[in-house]
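File shown: my_file.csv. Contents: CSV, C-alpha atoms (C1' of nucleotides).
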chain,number,residue,atom,x,y,z
A,1,MET,CA,199.6,29.8,149.6
A,2,GLY,CA,196.7,31.0,147.4
A,3,ARG,CA,195.0,28.9,144.9
A,4,ILE,CA,196.7,30.6,142.1
A,5,ALA,CA,200.1,29.8,143.4
A,6,ARG,CA,199.0,26.3,144.0
A,7,LYS,CA,197.6,26.0,140.5
A,8,THR,CA,200.8,27.4,139.0
A,9,SER,CA,203.1,25.0,140.8
A,10,THR,CA,200.8,22.0,140.7
A,11,PRO,CA,198.3,22.6,137.9
A,12,ASP,CA,195.2,20.3,137.9
A,13,LEU,CA,194.6,17.7,135.4
A,14,GLY,CA,192.5,19.9,133.2
A,15,ILE,CA,195.2,22.5,132.9
A,16,LEU,CA,197.8,19.9,132.1
A,17,GLY,CA,195.5,18.3,129.5
A,18,ALA,CA,195.0,21.7,127.9
A,19,ARG,CA,198.7,22.3,127.8
A,20,LEU,CA,199.4,18.9,126.3
A,21,LEU,CA,196.8,19.4,123.6
A,22,PHE,CA,197.4,23.0,122.7
A,23,GLY,CA,201.1,22.7,123.0
A,24,LEU,CA,201.2,19.8,120.6
A,25,GLN,CA,198.7,21.4,118.3
A,26,GLY,CA,200.6,24.7,118.2
A,27,GLU,CA,203.9,23.0,117.4
A,28,LEU,CA,202.4,20.7,114.8
A,29,PHE,CA,200.8,23.5,112.8
A,30,ARG,CA,203.7,25.9,113.3
A,31,ARG,CA,206.2,23.4,112.0
A,32,GLY,CA,203.8,22.3,109.4
A,33,ALA,CA,203.5,25.8,108.1
A,34,GLU,CA,207.3,26.0,107.8
A,35,LEU,CA,207.2,22.9,105.7
A,36,GLY,CA,204.7,24.4,103.3
A,37,PHE,CA,201.4,23.5,105.0
A,38,GLY,CA,200.5,27.1,106.1
A,39,ASP,CA,197.0,26.6,104.9
A,40,LEU,CA,196.2,24.1,107.6
A,41,LYS,CA,195.0,25.4,111.0
A,42,PRO,CA,194.4,23.6,114.3
A,43,LYS,CA,190.7,23.4,113.6
A,44,HIS,CA,191.4,21.1,110.7
A,45,GLY,CA,193.2,18.8,113.1
A,46,ALA,CA,190.0,17.1,114.2
A,47,VAL,CA,189.5,15.8,110.7
A,48,LEU,CA,193.1,15.4,109.6
A,49,ALA,CA,193.9,13.2,112.6
A,50,TYR,CA,191.6,10.6,111.3
A,51,LEU,CA,192.2,10.6,107.6
A,52,ASP,CA,192.9,7.1,106.2
A,53,GLU,CA,194.7,6.0,103.1
A,54,ASN,CA,191.9,3.6,102.5
A,55,GLY,CA,189.1,6.2,103.0
A,56,ILE,CA,186.9,6.8,106.0
A,57,GLY,CA,183.2,7.4,106.1
A,58,GLN,CA,182.2,11.0,106.9
A,59,ASN,CA,179.9,9.8,109.7
A,60,GLU,CA,182.6,7.7,111.3
A,61,LEU,CA,184.9,10.7,111.1
A,62,THR,CA,182.2,12.8,112.7
A,63,ARG,CA,181.8,10.3,115.5
A,64,LEU,CA,185.6,10.1,116.1
A,65,ALA,CA,186.1,13.8,116.0
A,66,GLY,CA,183.2,14.4,118.5
A,67,ARG,CA,181.7,17.3,116.7
A,68,ASN,CA,178.4,17.5,114.9
A,69,LYS,CA,177.7,16.8,111.2
A,70,GLN,CA,177.6,20.2,109.9
A,71,THR,CA,180.8,21.3,111.6
A,72,ILE,CA,182.7,18.4,110.1
A,73,GLY,CA,181.0,18.9,106.8
A,74,ALA,CA,182.3,22.5,106.8
A,75,ILE,CA,185.8,21.5,107.6
A,76,LEU,CA,185.7,18.8,104.9
A,77,ASP,CA,184.5,21.4,102.4
A,78,GLU,CA,187.4,23.5,103.2
A,79,LEU,CA,190.0,20.7,103.1
A,80,GLU,CA,188.5,19.6,99.9
A,81,ARG,CA,188.9,23.1,98.5
A,82,LEU,CA,192.5,23.2,99.7
A,83,GLY,CA,193.2,20.0,97.9
A,84,TYR,CA,193.8,17.7,100.8
A,85,LEU,CA,191.0,15.3,100.2
A,86,THR,CA,188.1,14.3,98.0
A,87,ARG,CA,184.7,12.8,98.7
A,88,VAL,CA,184.0,9.8,96.6
A,89,PRO,CA,180.8,7.8,96.5
A,90,ASP,CA,180.8,4.8,98.8
A,91,PRO,CA,180.2,1.8,96.6
A,92,ALA,CA,178.5,0.0,99.4
A,93,ASP,CA,176.0,2.7,100.4
A,94,ARG,CA,174.7,5.3,98.0
A,95,ARG,CA,173.9,7.8,100.7
A,96,ALA,CA,177.4,7.8,102.0
A,97,ARG,CA,180.6,9.3,100.8
A,98,LEU,CA,184.1,8.1,101.5
A,99,ILE,CA,186.7,10.7,102.4
A,100,MET,CA,189.9,10.0,100.6
A,101,PRO,CA,193.1,11.9,101.1
A,102,THR,CA,194.7,13.3,97.9
A,103,GLY,CA,198.4,13.1,97.2
A,104,ARG,CA,198.8,16.3,99.2
A,105,GLY,CA,196.7,14.9,102.0
A,106,LEU,CA,198.9,11.8,102.1
A,107,GLU,CA,201.9,14.1,102.2
A,108,TRP,CA,200.5,16.0,105.2
A,109,MET,CA,199.8,12.7,106.9
A,110,ARG,CA,203.4,11.7,106.6
A,111,VAL,CA,204.7,15.2,107.7
A,112,SER,CA,202.4,15.4,110.7
A,113,ASP,CA,203.1,11.8,111.8
A,114,GLY,CA,206.8,12.7,111.6
A,115,ILE,CA,206.4,15.9,113.6
A,116,VAL,CA,204.4,14.1,116.3
A,117,GLU,CA,207.0,11.3,116.4
A,118,ASP,CA,209.7,13.9,116.8
A,119,ILE,CA,207.8,15.6,119.7
A,120,GLU,CA,207.4,12.3,121.3
A,121,ARG,CA,211.0,11.5,120.9
A,122,ARG,CA,211.9,14.7,122.6
A,123,HIS,CA,209.6,13.9,125.5
A,124,ALA,CA,211.2,10.4,125.7
A,125,GLU,CA,214.6,12.0,125.9
A,126,MET,CA,213.5,14.4,128.5
A,127,VAL,CA,212.1,11.8,130.9
A,128,GLY,CA,213.6,8.6,129.8
A,129,THR,CA,212.3,6.1,127.3
A,130,GLU,CA,210.8,3.7,129.9
A,131,GLU,CA,209.2,6.4,131.8
A,132,TYR,CA,207.7,7.9,128.7
A,133,ALA,CA,206.4,4.5,127.6
A,134,ALA,CA,204.8,4.1,130.9
A,135,PHE,CA,203.3,7.5,130.7
A,136,LEU,CA,201.8,6.7,127.3
A,137,ARG,CA,200.4,3.5,128.6
A,138,THR,CA,198.7,5.2,131.5
A,139,LEU,CA,197.4,8.0,129.4
A,140,LYS,CA,195.8,5.4,127.1
A,141,THR,CA,194.3,3.6,130.0
A,142,ILE,CA,192.8,6.6,131.6
A,143,THR,CA,191.4,8.0,128.4
A,144,GLY,CA,189.8,4.6,127.7
A,145,SER,CA,192.0,3.9,124.7
A,146,SER,CA,193.8,0.9,126.1
A,147,GLN,CA,191.6,-1.6,124.5
A,148,GLU,CA,192.6,-4.6,122.4
A,149,ILE,CA,195.8,-3.9,120.5
A,150,HIS,CA,195.5,-7.0,118.3
B,1,MET,CA,196.4,-2.2,108.8
B,2,GLY,CA,195.1,1.1,107.7
B,3,ARG,CA,196.0,4.3,109.4
B,4,ILE,CA,192.5,4.6,110.9
B,5,ALA,CA,192.8,1.2,112.5
B,6,ARG,CA,196.3,2.1,113.7
B,7,LYS,CA,195.0,5.4,115.1
B,8,THR,CA,192.1,3.7,116.8
B,9,SER,CA,194.2,1.2,118.6
B,10,THR,CA,197.2,3.4,119.2
B,11,PRO,CA,196.0,7.0,119.0
B,12,ASP,CA,198.7,9.6,118.7
B,13,LEU,CA,199.5,12.0,121.4
B,14,GLY,CA,197.3,14.7,120.0
B,15,ILE,CA,194.3,12.5,120.1
B,16,LEU,CA,195.1,11.3,123.6
B,17,GLY,CA,195.5,14.9,124.7
B,18,ALA,CA,192.2,15.9,123.3
B,19,ARG,CA,190.5,13.0,125.0
B,20,LEU,CA,192.1,13.8,128.3
B,21,LEU,CA,191.0,17.4,128.1
B,22,PHE,CA,187.6,17.0,126.7
B,23,GLY,CA,186.8,14.0,128.7
B,24,LEU,CA,187.7,15.8,131.9
B,25,GLN,CA,185.9,18.9,130.8
B,26,GLY,CA,182.8,17.1,129.9
B,27,GLU,CA,182.6,15.2,133.2
B,28,LEU,CA,183.4,18.3,135.2
B,29,PHE,CA,180.6,20.4,133.7
B,30,ARG,CA,178.1,17.6,133.5
B,31,ARG,CA,178.5,16.8,137.2
B,32,GLY,CA,178.7,20.5,138.0
B,33,ALA,CA,175.3,20.9,136.3
B,34,GLU,CA,173.8,18.2,138.4
B,35,LEU,CA,175.1,20.0,141.5
B,36,GLY,CA,173.3,23.2,140.5
B,37,PHE,CA,176.0,24.8,138.4
B,38,GLY,CA,174.2,24.4,135.1
B,39,ASP,CA,174.9,27.9,134.1
B,40,LEU,CA,178.6,27.1,133.7
B,41,LYS,CA,179.9,25.8,130.4
B,42,PRO,CA,183.3,24.5,129.3
B,43,LYS,CA,184.3,27.8,127.8
B,44,HIS,CA,184.2,29.3,131.2
B,45,GLY,CA,186.8,26.8,132.3
B,46,ALA,CA,189.7,28.8,131.0
B,47,VAL,CA,188.8,31.5,133.5
B,48,LEU,CA,187.4,29.5,136.3
B,49,ALA,CA,190.5,27.3,136.5
B,50,TYR,CA,192.6,30.3,137.6
B,51,LEU,CA,190.3,32.0,140.0
B,52,ASP,CA,192.0,32.8,143.3
B,53,GLU,CA,190.5,33.5,146.7
B,54,ASN,CA,192.9,36.4,147.0
B,55,GLY,CA,192.1,37.8,143.6
B,56,ILE,CA,194.0,37.7,140.3
B,57,GLY,CA,194.7,40.4,137.8
B,58,GLN,CA,192.8,40.2,134.6
B,59,ASN,CA,195.9,40.4,132.7
B,60,GLU,CA,197.6,37.6,134.5
B,61,LEU,CA,194.5,35.6,133.9
B,62,THR,CA,194.6,36.4,130.2
B,63,ARG,CA,198.2,35.3,130.0
B,64,LEU,CA,197.5,32.0,131.9
B,65,ALA,CA,194.5,31.2,129.9
B,66,GLY,CA,196.3,31.8,126.6
B,67,ARG,CA,193.5,33.8,124.9
B,68,ASN,CA,193.3,37.4,124.0
B,69,LYS,CA,192.1,40.3,126.2
B,70,GLN,CA,188.7,40.7,124.7
B,71,THR,CA,187.9,37.0,124.8
B,72,ILE,CA,188.7,36.8,128.4
B,73,GLY,CA,186.9,40.1,129.0
B,74,ALA,CA,183.8,38.7,127.5
B,75,ILE,CA,183.9,35.5,129.6
B,76,LEU,CA,184.5,37.7,132.7
B,77,ASP,CA,181.5,39.8,131.8
B,78,GLU,CA,179.4,36.7,131.7
B,79,LEU,CA,180.7,35.2,134.9
B,80,GLU,CA,180.2,38.5,136.6
B,81,ARG,CA,176.6,38.6,135.4
B,82,LEU,CA,176.1,35.0,136.6
B,83,GLY,CA,177.3,36.0,140.0
B,84,TYR,CA,180.6,34.1,140.1
B,85,LEU,CA,183.0,37.0,140.4
B,86,THR,CA,183.3,40.7,140.8
B,87,ARG,CA,186.0,43.1,139.5
B,88,VAL,CA,187.3,45.3,142.2
B,89,PRO,CA,189.8,48.1,141.7
B,90,ASP,CA,193.4,47.0,142.3
B,91,PRO,CA,194.6,49.3,145.1
B,92,ALA,CA,198.2,49.0,143.7
B,93,ASP,CA,197.4,50.0,140.1
B,94,ARG,CA,194.5,52.2,139.2
B,95,ARG,CA,194.4,50.9,135.6
B,96,ALA,CA,193.9,47.4,136.8
B,97,ARG,CA,191.1,45.4,138.3
B,98,LEU,CA,191.3,42.4,140.5
B,99,ILE,CA,189.1,39.5,139.8
B,100,MET,CA,187.6,38.3,143.0
B,101,PRO,CA,185.4,35.2,143.3
B,102,THR,CA,182.0,35.8,145.0
B,103,GLY,CA,180.6,33.3,147.5
B,104,ARG,CA,179.1,31.4,144.7
B,105,GLY,CA,182.5,31.5,142.9
B,106,LEU,CA,184.2,30.0,145.9
B,107,GLU,CA,181.5,27.3,146.0
B,108,TRP,CA,182.2,26.4,142.5
B,109,MET,CA,185.9,26.3,143.2
B,110,ARG,CA,185.3,23.8,146.0
B,111,VAL,CA,182.9,21.7,143.9
B,112,SER,CA,185.2,21.6,140.8
B,113,ASP,CA,188.3,20.9,142.8
B,114,GLY,CA,186.3,18.0,144.4
B,115,ILE,CA,185.2,16.6,141.1
B,116,VAL,CA,188.7,16.8,139.6
B,117,GLU,CA,190.1,15.1,142.7
B,118,ASP,CA,187.5,12.4,142.3
B,119,ILE,CA,188.4,11.9,138.7
B,120,GLU,CA,192.0,11.6,139.6
B,121,ARG,CA,191.2,9.2,142.4
B,122,ARG,CA,189.4,7.1,139.9
B,123,HIS,CA,192.4,7.1,137.6
B,124,ALA,CA,194.7,6.3,140.4
B,125,GLU,CA,192.5,3.3,141.3
B,126,MET,CA,192.5,2.2,137.7
B,127,VAL,CA,196.3,2.1,137.2
B,128,GLY,CA,197.7,2.1,140.7
B,129,THR,CA,198.6,5.0,142.9
B,130,GLU,CA,202.3,4.9,142.2
B,131,GLU,CA,201.8,4.6,138.4
B,132,TYR,CA,199.4,7.4,138.4
B,133,ALA,CA,201.7,9.6,140.4
B,134,ALA,CA,204.5,8.9,138.0
B,135,PHE,CA,202.1,9.7,135.1
B,136,LEU,CA,201.3,13.0,136.6
B,137,ARG,CA,205.0,13.8,137.1
B,138,THR,CA,205.8,13.0,133.5
B,139,LEU,CA,202.8,15.0,132.3
B,140,LYS,CA,204.0,18.0,134.2
B,141,THR,CA,207.5,17.6,132.9
B,142,ILE,CA,206.6,17.3,129.3
B,143,THR,CA,204.1,20.2,129.5
B,144,GLY,CA,206.8,22.3,131.0
B,145,SER,CA,205.1,22.6,134.4
B,146,SER,CA,207.6,20.8,136.5
B,147,GLN,CA,209.3,23.9,137.7
B,148,GLU,CA,210.1,24.7,141.2
B,149,ILE,CA,207.6,23.2,143.6
B,150,HIS,CA,208.9,25.1,146.6
C,1,DC,C1',157.5,-5.6,96.8
C,2,DT,C1',156.0,-2.0,100.0
C,3,DA,C1',156.0,0.4,104.1
C,4,DC,C1',158.6,1.8,108.0
C,5,DG,C1',161.9,4.0,111.0
C,6,DA,C1',166.8,4.9,111.0
C,7,DT,C1',170.8,6.8,108.8
C,8,DA,C1',174.0,9.8,105.5
C,9,DG,C1',174.5,14.0,104.3
C,10,DT,C1',173.1,19.0,102.9
C,11,DC,C1',171.1,23.6,103.2
C,12,DC,C1',169.9,27.7,105.5
C,13,DA,C1',169.6,31.2,108.9
C,14,DA,C1',170.4,32.4,113.6
C,15,DA,C1',173.5,32.6,117.4
C,16,DA,C1',177.8,32.5,119.5
C,17,DG,C1',182.6,33.3,119.6
C,18,DT,C1',186.9,35.5,118.1
C,19,DT,C1',189.8,39.0,116.2
C,20,DG,C1',191.8,43.6,114.9
C,21,DG,C1',192.2,48.3,115.6
C,22,DA,C1',191.5,52.3,117.9
C,23,DC,C1',190.9,54.5,122.2
C,24,DT,C1',191.4,56.2,127.4
C,25,DA,C1',193.6,56.0,131.6
C,26,DT,C1',197.4,55.1,134.3
C,27,DC,C1',202.1,53.7,135.2
C,28,DA,C1',207.2,53.8,135.5
C,29,DA,C1',211.4,55.8,134.1
C,30,DC,C1',213.9,59.5,132.8
D,1,DG,C1',206.3,66.5,132.6
D,2,DT,C1',207.2,63.8,128.5
D,3,DT,C1',207.5,59.3,126.7
D,4,DG,C1',206.8,54.5,125.8
D,5,DA,C1',204.5,50.6,127.8
D,6,DT,C1',200.5,48.5,130.1
D,7,DA,C1',195.4,47.6,131.8
D,8,DG,C1',191.4,47.4,130.0
D,9,DT,C1',187.2,48.7,127.0
D,10,DC,C1',184.5,49.5,122.8
D,11,DC,C1',183.0,48.5,118.3
D,12,DA,C1',182.5,46.3,113.9
D,13,DA,C1',183.9,42.5,110.9
D,14,DC,C1',184.6,38.0,110.6
D,15,DT,C1',184.5,33.0,111.5
D,16,DT,C1',182.4,29.0,113.7
D,17,DT,C1',178.9,26.5,115.6
D,18,DT,C1',174.3,25.2,116.2
D,19,DG,C1',169.3,23.9,115.3
D,20,DG,C1',165.9,22.5,112.3
D,21,DA,C1',164.1,21.0,108.2
D,22,DC,C1',164.9,18.4,104.2
D,23,DT,C1',166.2,14.6,100.5
D,24,DA,C1',167.9,10.2,99.5
D,25,DT,C1',168.9,5.8,100.6
D,26,DC,C1',169.1,1.8,103.7
D,27,DG,C1',167.5,-2.4,106.1
D,28,DT,C1',163.9,-4.9,108.1
D,29,DA,C1',159.4,-6.7,108.7
D,30,DG,C1',155.4,-7.7,106.8

Could you rewrite the structure in this file as structure tokens?
Amino acid sequence: MGRIARKTSTPDLGILGARLLFGLQGELFRRGAELGFGDLKPKHGAVLAYLDENGIGQNELTRLAGRNKQTIGAILDELERLGYLTRVPDPADRRARLIMPTGRGLEWMRVSDGIVEDIERRHAEMVGTEEYAAFLRTLKTITGSSQEIH
Amino acid sequence: MGRIARKTSTPDLGILGARLLFGLQGELFRRGAELGFGDLKPKHGAVLAYLDENGIGQNELTRLAGRNKQTIGAILDELERLGYLTRVPDPADRRARLIMPTGRGLEWMRVSDGIVEDIERRHAEMVGTEEYAAFLRTLKTITGSSQEIH
DNA sequence: CTACGATAGTCCAAAAGTTGGACTATCAAC
DNA sequence: GTTGATAGTCCAACTTTTGGACTATCGTAG
């Protein structure tokens, strides 16, 4: 059995991770587009995933998204232009700006949370609720996201 | 609790997928660089992951990698220049070329398989062998890769 | 209160990566 | 042997990412 056949039947963790991410991303933005959010593309995801109703600092966003400042800055420019968010001065720090979702931004947050929930529900149906819950727990643990759920 | 706090303690599936993929990718190429493969970058991963000792068609590679022809073509050019693979004529189809790893390509395949195995071993230790095996099974199922392991 | 190094964010220009379209060669089926 | 599909390349436009320098503000230590 060649490596390719092996990889096709038992893909390594990297391939599985890529499928998980790109599969989810593809469905999210495809279904989003059908619901009137055709102006959003996967690259916006890095920012959209961390929007917060109460605002989030651009720097924190940059850290969470794992990209550099000017990349995030450019995506923010675009999302601001598209009407998903605004940058308001941070009252606590005059260098900083707070990223606030607009009404449309909030709408997208609801829509995207709903789509992701729906995808997760489908997965849970496919493998069983308990098994899916265990899967999620393990995934959180190995990605180092299991910490303190207070 | 704001969305950001929620997302930090219980990240959604997209965020987890991104962490899984980029975490693995980062460690793979960082450790690879320490072992003398510093000329390989994450973007080569899409191609490297599917190299086969017995050769693989460029088109099949393109399909598996989920990018378009010229993107894969460009990555192949680069990996060929770096000495990881060669393109040989496909004896069965004179339009086609077979991508064959060179000695160095084979070396990388061994090294990267080893690093990934090591990462997986670490995960298994962290959550338990059985739980990790179940995790992998579920991940394969929900990414649609559970089919026929003959 | 002033000086300091660190941090938030922007600007610009270069580099890198991706995409679309047209093109050649070959294939497989009729 | 014509025809429609497929393998792959080339080129030029476009988009994204990066590096470096820069301004403003912050927080701390004198």

Quick one: chain B onto chain A, least squares on all Cα paired in order, result as a compact mmCIF listing (two decimals) with C-alpha atoms, in the coordinates of the input?
# COMPACT_ATOMS: atom_id res chain seq x y z
CA MET B 1 199.74 29.86 149.47
CA GLY B 2 196.98 31.10 147.32
CA ARG B 3 195.15 28.92 144.90
CA ILE B 4 196.83 30.65 141.93
CA ALA B 5 200.25 29.88 143.31
CA ARG B 6 199.13 26.31 144.03
CA LYS B 7 197.75 26.00 140.49
CA THR B 8 200.90 27.41 138.98
CA SER B 9 203.18 25.00 140.69
CA THR B 10 200.87 22.02 140.67
CA PRO B 11 198.34 22.59 137.89
CA ASP B 12 195.33 20.35 137.95
CA LEU B 13 194.70 17.73 135.41
CA GLY B 14 192.52 19.94 133.30
CA ILE B 15 195.21 22.48 132.94
CA LEU B 16 197.82 19.85 132.18
CA GLY B 17 195.51 18.37 129.56
CA ALA B 18 194.98 21.66 127.89
CA ARG B 19 198.69 22.30 127.79
CA LEU B 20 199.40 18.90 126.35
CA LEU B 21 196.83 19.39 123.63
CA PHE B 22 197.43 22.94 122.76
CA GLY B 23 201.10 22.72 123.05
CA LEU B 24 201.19 19.79 120.66
CA GLN B 25 198.74 21.45 118.36
CA GLY B 26 200.60 24.64 118.25
CA GLU B 27 203.95 23.00 117.47
CA LEU B 28 202.40 20.72 114.89
CA PHE B 29 200.81 23.53 112.87
CA ARG B 30 203.64 25.96 113.32
CA ARG B 31 206.18 23.46 111.98
CA GLY B 32 203.69 22.31 109.36
CA ALA B 33 203.49 25.94 108.17
CA GLU B 34 207.21 26.15 107.83
CA LEU B 35 207.11 22.98 105.72
CA GLY B 36 204.64 24.56 103.30
CA PHE B 37 201.41 23.57 104.98
CA GLY B 38 200.46 27.06 106.07
CA ASP B 39 196.98 26.68 104.85
CA LEU B 40 196.23 24.18 107.63
CA LYS B 41 195.02 25.40 110.99
CA PRO B 42 194.37 23.64 114.29
CA LYS B 43 190.68 23.36 113.65
CA HIS B 44 191.42 21.12 110.77
CA GLY B 45 193.16 18.76 113.15
CA ALA B 46 189.99 17.07 114.25
CA VAL B 47 189.55 15.85 110.69
CA LEU B 48 193.08 15.45 109.59
CA ALA B 49 193.94 13.23 112.56
CA TYR B 50 191.57 10.52 111.27
CA LEU B 51 192.28 10.58 107.60
CA ASP B 52 192.95 7.11 106.22
CA GLU B 53 194.74 6.06 103.06
CA ASN B 54 191.92 3.63 102.43
CA GLY B 55 189.21 6.17 103.02
CA ILE B 56 186.88 6.78 105.97
CA GLY B 57 183.19 7.43 106.09
CA GLN B 58 182.18 10.91 106.94
CA ASN B 59 180.02 9.68 109.60
CA GLU B 60 182.65 7.62 111.27
CA LEU B 61 184.83 10.65 111.11
CA THR B 62 182.14 12.77 112.73
CA ARG B 63 181.77 10.26 115.52
CA LEU B 64 185.59 10.06 116.11
CA ALA B 65 186.04 13.73 116.05
CA GLY B 66 183.20 14.31 118.52
CA ARG B 67 181.58 17.26 116.68
CA ASN B 68 178.36 17.50 114.84
CA LYS B 69 177.69 16.67 111.16
CA GLN B 70 177.61 20.17 109.86
CA THR B 71 180.78 21.22 111.64
CA ILE B 72 182.67 18.39 110.21
CA GLY B 73 181.00 18.96 106.84
CA ALA B 74 182.22 22.47 106.81
CA ILE B 75 185.82 21.52 107.67
CA LEU B 76 185.64 18.83 104.92
CA ASP B 77 184.44 21.42 102.46
CA GLU B 78 187.44 23.52 103.26
CA LEU B 79 189.96 20.73 103.13
CA GLU B 80 188.49 19.62 99.87
CA ARG B 81 188.87 23.13 98.47
CA LEU B 82 192.48 23.25 99.75
CA GLY B 83 193.20 20.07 97.90
CA TYR B 84 193.71 17.72 100.86
CA LEU B 85 190.88 15.29 100.23
CA THR B 86 188.14 14.32 97.89
CA ARG B 87 184.73 12.72 98.64
CA VAL B 88 184.11 9.74 96.50
CA PRO B 89 180.89 7.75 96.44
CA ASP B 90 180.96 4.75 98.79
CA PRO B 91 180.34 1.77 96.48
CA ALA B 92 178.69 -0.09 99.44
CA ASP B 93 176.18 2.63 100.39
CA ARG B 94 174.88 5.13 97.92
CA ARG B 95 173.93 7.62 100.67
CA ALA B 96 177.46 7.73 101.88
CA ARG B 97 180.71 9.23 100.72
CA LEU B 98 184.18 8.10 101.46
CA ILE B 99 186.73 10.63 102.42
CA MET B 100 189.88 9.95 100.54
CA PRO B 101 193.13 11.88 101.06
CA THR B 102 194.65 13.36 97.86
CA GLY B 103 198.40 13.22 97.23
CA ARG B 104 198.80 16.37 99.13
CA GLY B 105 196.68 14.86 101.96
CA LEU B 106 198.97 11.88 102.16
CA GLU B 107 201.95 14.26 102.27
CA TRP B 108 200.51 16.02 105.16
CA MET B 109 199.82 12.74 106.89
CA ARG B 110 203.49 11.80 106.54
CA VAL B 111 204.70 15.24 107.67
CA SER B 112 202.36 15.41 110.74
CA ASP B 113 203.05 11.86 111.78
CA GLY B 114 206.80 12.80 111.57
CA ILE B 115 206.41 15.89 113.66
CA VAL B 116 204.34 14.09 116.31
CA GLU B 117 206.93 11.31 116.42
CA ASP B 118 209.61 13.93 116.86
CA ILE B 119 207.74 15.54 119.67
CA GLU B 120 207.35 12.24 121.36
CA ARG B 121 211.00 11.44 120.84
CA ARG B 122 211.81 14.67 122.52
CA HIS B 123 209.62 13.78 125.47
CA ALA B 124 211.07 10.37 125.68
CA GLU B 125 214.57 11.91 125.81
CA MET B 126 213.44 14.30 128.49
CA VAL B 127 212.07 11.69 130.95
CA GLY B 128 213.56 8.43 129.78
CA THR B 129 212.24 5.98 127.26
CA GLU B 130 210.79 3.58 129.77
CA GLU B 131 209.09 6.37 131.80
CA TYR B 132 207.66 7.84 128.73
CA ALA B 133 206.34 4.53 127.54
CA ALA B 134 204.70 3.96 130.87
CA PHE B 135 203.22 7.51 130.65
CA LEU B 136 201.74 6.75 127.34
CA ARG B 137 200.25 3.48 128.62
CA THR B 138 198.64 5.21 131.56
CA LEU B 139 197.36 8.00 129.33
CA LYS B 140 195.70 5.49 127.09
CA THR B 141 194.22 3.65 130.00
CA ILE B 142 192.74 6.63 131.69
CA THR B 143 191.38 8.04 128.40
CA GLY B 144 189.74 4.75 127.77
CA SER B 145 191.91 3.90 124.75
CA SER B 146 193.68 0.91 126.08
CA GLN B 147 191.42 -1.56 124.45
CA GLU B 148 192.47 -4.47 122.45
CA ILE B 149 195.73 -3.83 120.65
CA HIS B 150 195.51 -6.95 118.53

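Closest approach to DG27 in chain D among C:DA14, C:DA6, C:DA22, C:DC1: C:DA6, based on only C-alpha atoms (C1' of nucleotides).
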
Go ahead and find all residues with at least one atom no further than 12 Å from (190.4, 55.5, 134.6) in the file's coordinates, using only C-alpha atoms (C1' of nucleotides); report them as a PyMOL selection string.
(chain B and resi 89-90+93-97) or (chain C and resi 24-27) or (chain D and resi 7-9)

Pick from A:Thr71, A:Asn54, A:Leu106, A:Gln25, whichever lies nearest to chain C using all atoms listed in the file
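Checking each of A:Thr71, A:Asn54, A:Leu106, A:Gln25 against chain C, counting all atoms listed in the file, the winner is A:Thr71.
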
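Atom pair CA of Asp77 in chain B / CA of Glu34 in chain B has a distance of 23.9 Å (rounded to one decimal).
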
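Note that the spacing between CA of Leu98 in chain A and CA of Gly66 in chain A amounts to 18.2 Å.
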
Selection near Ala18 in chain A, 10 Å with all atoms listed in the file, sequence-local residues under 4 positions removed, as a list of chain:residue names
A:Leu13, A:Gly14, A:Phe22, A:Gly23, A:Leu24, B:Gly17, B:Ala18, B:Leu20, B:Leu21, B:Phe22, B:Gln25, B:Ala46, B:Ala65, B:Thr143

Close residues, DA28 in chain C itself excluded, 12 Å, all atoms listed in the file, min 5 positions apart in chain, as number ranges by chain
B: 93; D: 3-6

Would you list the contacts of Ile115 in chain B as a JSON list (two decimals) with C-alpha atoms, keeping the file's coordinate frame, taking every protein, DNA or RNA residue within 12 Å and counting only C-alpha atoms (C1' of nucleotides), but skipping same-chain residues closer than 5 positions in sequence?
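part00.json, freshly written:
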[["chain", "number", "residue", "atom", "x", "y", "z"],
["A", 12, "ASP", "CA", 195.20, 20.30, 137.90],
["A", 13, "LEU", "CA", 194.60, 17.70, 135.40],
["A", 14, "GLY", "CA", 192.50, 19.90, 133.20],
["B", 24, "LEU", "CA", 187.70, 15.80, 131.90],
["B", 25, "GLN", "CA", 185.90, 18.90, 130.80],
["B", 26, "GLY", "CA", 182.80, 17.10, 129.90],
["B", 27, "GLU", "CA", 182.60, 15.20, 133.20],
["B", 28, "LEU", "CA", 183.40, 18.30, 135.20],
["B", 29, "PHE", "CA", 180.60, 20.40, 133.70],
["B", 30, "ARG", "CA", 178.10, 17.60, 133.50],
["B", 31, "ARG", "CA", 178.50, 16.80, 137.20],
["B", 32, "GLY", "CA", 178.70, 20.50, 138.00],
["B", 33, "ALA", "CA", 175.30, 20.90, 136.30],
["B", 34, "GLU", "CA", 173.80, 18.20, 138.40],
["B", 35, "LEU", "CA", 175.10, 20.00, 141.50],
["B", 108, "TRP", "CA", 182.20, 26.40, 142.50],
["B", 109, "MET", "CA", 185.90, 26.30, 143.20],
["B", 110, "ARG", "CA", 185.30, 23.80, 146.00],
["B", 120, "GLU", "CA", 192.00, 11.60, 139.60],
["B", 121, "ARG", "CA", 191.20, 9.20, 142.40],
["B", 122, "ARG", "CA", 189.40, 7.10, 139.90]]

Grab the CA of Leu85 in chain A to CA of Arg104 in chain A distance for me, in Å with one decimal place.
7.9 Å
